[in-house]
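Here is data.pdb, consisting of PDB, C-alpha atoms:
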```
ATOM      1  CA  MET D 158      32.453  32.880 -28.253  1.00  0.00           C
ATOM      2  CA  GLY D 159      35.417  32.960 -30.627  1.00  0.00           C
ATOM      3  CA  GLN D 160      38.634  34.765 -29.905  1.00  0.00           C
ATOM      4  CA  VAL D 161      39.690  37.468 -32.338  1.00  0.00           C
ATOM      5  CA  LEU D 162      43.392  37.289 -33.171  1.00  0.00           C
ATOM      6  CA  HIS D 163      45.385  39.525 -35.456  1.00  0.00           C
ATOM      7  CA  GLY D 164      46.833  38.052 -38.644  1.00  0.00           C
ATOM      8  CA  SER D 165      50.289  37.168 -37.330  1.00  0.00           C
ATOM      9  CA  ALA D 166      49.309  35.937 -33.849  1.00  0.00           C
ATOM     10  CA  THR D 167      50.986  32.630 -33.030  1.00  0.00           C
ATOM     11  CA  THR D 168      49.380  32.027 -29.640  1.00  0.00           C
ATOM     12  CA  THR D 169      45.909  32.083 -28.156  1.00  0.00           C
ATOM     13  CA  GLU D 170      44.944  33.182 -24.660  1.00  0.00           C
ATOM     14  CA  ALA D 171      44.826  29.536 -23.546  1.00  0.00           C
ATOM     15  CA  ILE D 172      48.396  28.928 -24.748  1.00  0.00           C
ATOM     16  CA  ARG D 173      49.568  32.193 -23.139  1.00  0.00           C
ATOM     17  CA  ARG D 174      47.946  31.193 -19.839  1.00  0.00           C
ATOM     18  CA  ALA D 175      49.608  27.756 -20.022  1.00  0.00           C
ATOM     19  CA  ILE D 176      52.976  29.408 -20.696  1.00  0.00           C
ATOM     20  CA  GLN D 177      52.570  31.725 -17.708  1.00  0.00           C
ATOM     21  CA  HIS D 178      51.596  28.928 -15.297  1.00  0.00           C
ATOM     22  CA  SER D 179      54.166  26.388 -16.513  1.00  0.00           C
ATOM     23  CA  GLN D 180      57.454  25.691 -14.731  1.00  0.00           C
ATOM     24  CA  GLU D 181      59.021  24.188 -17.879  1.00  0.00           C
ATOM     25  CA  SER D 182      62.027  25.870 -19.500  1.00  0.00           C
ATOM     26  CA  LEU D 183      61.614  28.524 -22.181  1.00  0.00           C
ATOM     27  CA  ARG D 184      63.131  26.260 -24.803  1.00  0.00           C
ATOM     28  CA  GLY D 185      60.832  23.357 -23.883  1.00  0.00           C
ATOM     29  CA  LEU D 186      57.709  25.536 -23.973  1.00  0.00           C
ATOM     30  CA  ALA D 187      58.770  27.063 -27.290  1.00  0.00           C
ATOM     31  CA  LYS D 188      59.176  23.608 -28.805  1.00  0.00           C
ATOM     32  CA  ARG D 189      55.864  22.347 -27.368  1.00  0.00           C
ATOM     33  CA  TYR D 190      53.793  25.269 -28.721  1.00  0.00           C
ATOM     34  CA  GLY D 191      55.804  25.878 -31.898  1.00  0.00           C
ATOM     35  CA  VAL D 192      56.753  29.464 -31.129  1.00  0.00           C
ATOM     36  CA  ASN D 193      59.980  31.424 -30.724  1.00  0.00           C
ATOM     37  CA  PRO D 194      61.633  31.301 -27.285  1.00  0.00           C
ATOM     38  CA  LYS D 195      61.497  35.110 -27.243  1.00  0.00           C
ATOM     39  CA  THR D 196      57.699  34.865 -27.497  1.00  0.00           C
ATOM     40  CA  VAL D 197      57.626  32.492 -24.538  1.00  0.00           C
ATOM     41  CA  ALA D 198      59.840  34.839 -22.515  1.00  0.00           C
ATOM     42  CA  LYS D 199      57.581  37.788 -23.374  1.00  0.00           C
ATOM     43  CA  TRP D 200      54.429  36.005 -22.190  1.00  0.00           C
ATOM     44  CA  LYS D 201      56.182  34.716 -19.042  1.00  0.00           C
ATOM     45  CA  ALA D 202      57.070  38.302 -18.109  1.00  0.00           C
ATOM     46  CA  ARG D 203      53.605  39.768 -18.757  1.00  0.00           C
ATOM     47  CA  GLY D 204      50.944  39.970 -16.081  1.00  0.00           C
ATOM     48  CA  SER D 205      47.964  39.317 -18.351  1.00  0.00           C
ATOM     49  CA  VAL D 206      47.229  37.135 -21.365  1.00  0.00           C
ATOM     50  CA  THR D 207      45.605  39.826 -23.507  1.00  0.00           C
ATOM     51  CA  ASP D 208      47.350  41.633 -26.350  1.00  0.00           C
ATOM     52  CA  LEU D 209      48.499  45.160 -25.632  1.00  0.00           C
ATOM     53  CA  PRO D 210      47.020  47.957 -27.751  1.00  0.00           C
ATOM     54  CA  THR D 211      49.090  49.033 -30.724  1.00  0.00           C
ATOM     55  CA  GLY D 212      49.452  52.453 -32.250  1.00  0.00           C
ATOM     56  CA  PRO D 213      50.129  55.835 -30.734  1.00  0.00           C
ATOM     57  CA  LYS D 214      48.979  56.597 -27.202  1.00  0.00           C
ATOM     58  CA  GLU D 215      47.818  60.067 -28.260  1.00  0.00           C
ATOM     59  CA  PRO D 216      46.694  60.142 -31.904  1.00  0.00           C
ATOM     60  CA  LYS D 217      47.696  63.337 -33.686  1.00  0.00           C
ATOM     61  CA  SER D 218      47.738  64.665 -37.204  1.00  0.00           C
ATOM     62  CA  THR D 219      50.848  64.746 -39.356  1.00  0.00           C
ATOM     63  CA  VAL D 220      49.286  67.391 -41.614  1.00  0.00           C
ATOM     64  CA  LEU D 221      47.477  69.725 -39.196  1.00  0.00           C
ATOM     65  CA  SER D 222      48.854  71.587 -36.201  1.00  0.00           C
ATOM     66  CA  VAL D 223      47.091  71.650 -32.835  1.00  0.00           C
ATOM     67  CA  GLU D 224      45.820  75.177 -33.519  1.00  0.00           C
ATOM     68  CA  GLU D 225      44.439  74.186 -36.928  1.00  0.00           C
ATOM     69  CA  GLU D 226      42.647  71.222 -35.395  1.00  0.00           C
ATOM     70  CA  ALA D 227      41.143  73.534 -32.767  1.00  0.00           C
ATOM     71  CA  ILE D 228      39.906  75.840 -35.555  1.00  0.00           C
ATOM     72  CA  ILE D 229      38.309  72.896 -37.385  1.00  0.00           C
ATOM     73  CA  VAL D 230      36.632  71.536 -34.239  1.00  0.00           C
ATOM     74  CA  ALA D 231      35.287  74.950 -33.223  1.00  0.00           C
ATOM     75  CA  PHE D 232      33.988  75.589 -36.747  1.00  0.00           C
ATOM     76  CA  ARG D 233      32.214  72.229 -36.905  1.00  0.00           C
ATOM     77  CA  ARG D 234      30.640  72.598 -33.450  1.00  0.00           C
ATOM     78  CA  HIS D 235      29.490  76.141 -34.214  1.00  0.00           C
ATOM     79  CA  THR D 236      28.074  75.585 -37.716  1.00  0.00           C
ATOM     80  CA  LEU D 237      27.112  71.868 -37.700  1.00  0.00           C
ATOM     81  CA  LEU D 238      27.778  71.785 -41.445  1.00  0.00           C
ATOM     82  CA  PRO D 239      28.314  68.518 -43.337  1.00  0.00           C
ATOM     83  CA  LEU D 240      31.854  67.358 -44.099  1.00  0.00           C
ATOM     84  CA  ASP D 241      32.086  68.702 -47.648  1.00  0.00           C
ATOM     85  CA  ASP D 242      30.638  72.095 -46.684  1.00  0.00           C
ATOM     86  CA  CYS D 243      33.159  72.368 -43.845  1.00  0.00           C
ATOM     87  CA  LEU D 244      35.923  71.498 -46.273  1.00  0.00           C
ATOM     88  CA  TYR D 245      34.929  74.179 -48.791  1.00  0.00           C
ATOM     89  CA  ALA D 246      34.526  76.789 -46.047  1.00  0.00           C
ATOM     90  CA  LEU D 247      37.863  76.019 -44.353  1.00  0.00           C
ATOM     91  CA  GLN D 248      40.089  75.454 -47.405  1.00  0.00           C
ATOM     92  CA  PRO D 249      40.764  79.171 -48.082  1.00  0.00           C
ATOM     93  CA  SER D 250      42.206  79.595 -44.572  1.00  0.00           C
ATOM     94  CA  LEU D 251      43.812  76.115 -44.385  1.00  0.00           C
ATOM     95  CA  PRO D 252      45.118  75.356 -47.915  1.00  0.00           C
ATOM     96  CA  GLN D 253      46.758  72.027 -46.906  1.00  0.00           C
ATOM     97  CA  LEU D 254      43.411  70.683 -45.636  1.00  0.00           C
ATOM     98  CA  THR D 255      42.090  67.687 -47.575  1.00  0.00           C
ATOM     99  CA  ARG D 256      38.813  65.858 -47.210  1.00  0.00           C
ATOM    100  CA  SER D 257      40.478  62.836 -45.639  1.00  0.00           C
ATOM    101  CA  SER D 258      42.524  64.878 -43.135  1.00  0.00           C
ATOM    102  CA  LEU D 259      39.374  66.803 -42.178  1.00  0.00           C
ATOM    103  CA  HIS D 260      37.451  63.568 -41.674  1.00  0.00           C
ATOM    104  CA  ARG D 261      40.268  62.044 -39.580  1.00  0.00           C
ATOM    105  CA  CYS D 262      40.417  65.198 -37.443  1.00  0.00           C
ATOM    106  CA  LEU D 263      36.674  65.105 -36.806  1.00  0.00           C
ATOM    107  CA  MET D 264      36.864  61.378 -35.989  1.00  0.00           C
ATOM    108  CA  ARG D 265      39.673  62.004 -33.479  1.00  0.00           C
ATOM    109  CA  HIS D 266      37.555  64.578 -31.672  1.00  0.00           C
ATOM    110  CA  GLY D 267      34.345  62.513 -31.814  1.00  0.00           C
ATOM    111  CA  ILE D 268      32.311  64.901 -33.954  1.00  0.00           C
ATOM    112  CA  SER D 269      32.447  63.196 -37.337  1.00  0.00           C
ATOM    113  CA  ARG D 270      28.726  62.382 -37.268  1.00  0.00           C
ATOM    114  CA  LEU D 271      26.211  65.168 -37.086  1.00  0.00           C
ATOM    115  CA  PRO D 272      23.372  64.755 -34.581  1.00  0.00           C
ATOM    116  CA  ASP D 273      20.147  63.538 -36.155  1.00  0.00           C
ATOM    117  CA  PRO D 274      17.763  66.524 -36.121  1.00  0.00           C
ATOM    118  CA  ASP D 275      14.611  64.357 -36.054  1.00  0.00           C
ATOM    119  CA  SER D 276      15.625  62.114 -33.142  1.00  0.00           C
ATOM    120  CA  ALA D 277      15.512  64.835 -30.474  1.00  0.00           C
ATOM    121  CA  SER D 278      12.244  66.464 -31.526  1.00  0.00           C
ATOM    122  CA  THR D 279      10.246  63.378 -32.476  1.00  0.00           C
ATOM    123  CA  ALA D 280       9.467  61.247 -29.459  1.00  0.00           C
ATOM    124  CA  LYS D 281       7.697  57.919 -29.841  1.00  0.00           C
ATOM    125  CA  LYS D 282       3.992  58.201 -29.197  1.00  0.00           C
ATOM    126  CA  ARG D 283       1.289  55.613 -28.736  1.00  0.00           C
ATOM    127  CA  PHE D 284      -1.467  55.265 -31.280  1.00  0.00           C
ATOM    128  CA  LYS D 285      -4.734  56.943 -30.453  1.00  0.00           C
ATOM    129  CA  VAL D 286      -7.175  54.517 -28.861  1.00  0.00           C
ATOM    130  CA  TYR D 287     -10.357  54.104 -30.922  1.00  0.00           C
ATOM    131  CA  PRO D 288     -13.486  52.171 -29.926  1.00  0.00           C
ATOM    132  CA  ILE D 289     -13.974  48.863 -31.715  1.00  0.00           C
ATOM    133  CA  GLY D 290     -16.428  48.860 -34.587  1.00  0.00           C
TER     134      GLY D 290
END
```

Show me, as structure tokens, the structure contained in the file I just sent.
Amino acid sequence: MGQVLHGSATTTEAIRRAIQHSQESLRGLAKRYGVNPKTVAKWKARGSVTDLPTGPKEPKSTVLSVEEEAIIVAFRRHTLLPLDDCLYALQPSLPQLTRSSLHRCLMRHGISRLPDPDSASTAKKRFKVYPIG
């Protein structure tokens, strides 16, 4: 099982674990693993060896207000229209709304994909049993 690292990662979990359990100086560890002493100090201070999540803790729109997002979410849940139809219906009342901002809003609220209408009504059935011959 390979470890997924971001593009500028200079250490792996094994190196981070070795840094945390080592009694060697920061400068000595930095030289041994070829990283900055600040990186060694950071991993010494942390309790785990996994990367922390990046990005905002609460994602929000820079284009839409909270009220506008609530309007979009309520409209989508009520009508169950596709993305483009929602866009054309909402643009007269929300002129700054673009297709991408609408899609991002629906993704944030977990309703970007419409439910499949056939999956709920069509249950798997067994074939009818026929006599041989």

Original post:
So, counting all atoms listed in the file, which residue among D:Leu259, D:Cys243, D:Val220, D:Ile176 is closest to Gly204 (chain D)?
Top reply: D:Ile176

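What separates CA of Gly185 (chain D) from CA of Ser205 (chain D) is a distance of 21.2 Å.
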
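Reported to one decimal place, the separation of CA of Pro210 (chain D) from CA of Ile172 (chain D) is 19.3 Å.
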
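The shortest atom-to-atom distance to Leu183 (chain D), with all atoms listed in the file taken into account, belongs to D:Ala198 out of D:Leu251, D:Leu240, D:Val230, D:Ala198.
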
Subject >> Nearest residue to Arg261 (chain D) from the set D:Leu237, D:Ala246, D:Ile289, D:Ile229 (distances using all atoms listed in the file) >> reply: D:Ile229

**OP:** Write out as a ChimeraX atom specification the residues lying within 12 Å of Arg234 (chain D), counting all atoms listed in the file and excluding same-chain residues fewer than 6 positions away.
**Re:** /D:227-228,240,243,263,266-272

Please save C-alpha atoms of the selected residues as a JSON list (two decimals), in the frame of the given file.
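As written to disk, selection15.json reads:
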```
[["chain", "number", "residue", "atom", "x", "y", "z"],
["D", 227, "ALA", "CA", 41.14, 73.53, -32.77],
["D", 228, "ILE", "CA", 39.91, 75.84, -35.56],
["D", 240, "LEU", "CA", 31.85, 67.36, -44.10],
["D", 243, "CYS", "CA", 33.16, 72.37, -43.84],
["D", 263, "LEU", "CA", 36.67, 65.10, -36.81],
["D", 266, "HIS", "CA", 37.56, 64.58, -31.67],
["D", 267, "GLY", "CA", 34.34, 62.51, -31.81],
["D", 268, "ILE", "CA", 32.31, 64.90, -33.95],
["D", 269, "SER", "CA", 32.45, 63.20, -37.34],
["D", 270, "ARG", "CA", 28.73, 62.38, -37.27],
["D", 271, "LEU", "CA", 26.21, 65.17, -37.09],
["D", 272, "PRO", "CA", 23.37, 64.76, -34.58]]
```

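When only C-alpha atoms are used to compute distances to Thr196 (chain D), the closest of the residues D:Thr168, D:Ser218, D:Ser258, D:Thr236 turns out to be D:Thr168.
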
Original post:
What does the distance from CA of Arg265 (chain D) to CA of Asp208 (chain D) come to in Å, to one decimal?
Top reply: 22.9 Å

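You can rank D:Gln180, D:Thr207, D:Gln253, D:Asn193 by their closest distance to Ser222 (chain D) using all atoms listed in the file, and at the top of that list sits D:Gln253.
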
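Proximity of D:Lys201, D:Glu225, D:Tyr190, D:Ala175 to Gln248 (chain D), computed with only C-alpha atoms, is greatest for D:Glu225.
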
Quick one: what's the axis-aligned box for region 175-188 of chain D, all listed atoms, 4 Å on every side, centre and edges in Å to one decimal, as AutoDock Vina command-line options?
```
--center_x 56.4 --center_y 27.5 --center_z -21.8 --size_x 21.5 --size_y 16.4 --size_z 22.1
```
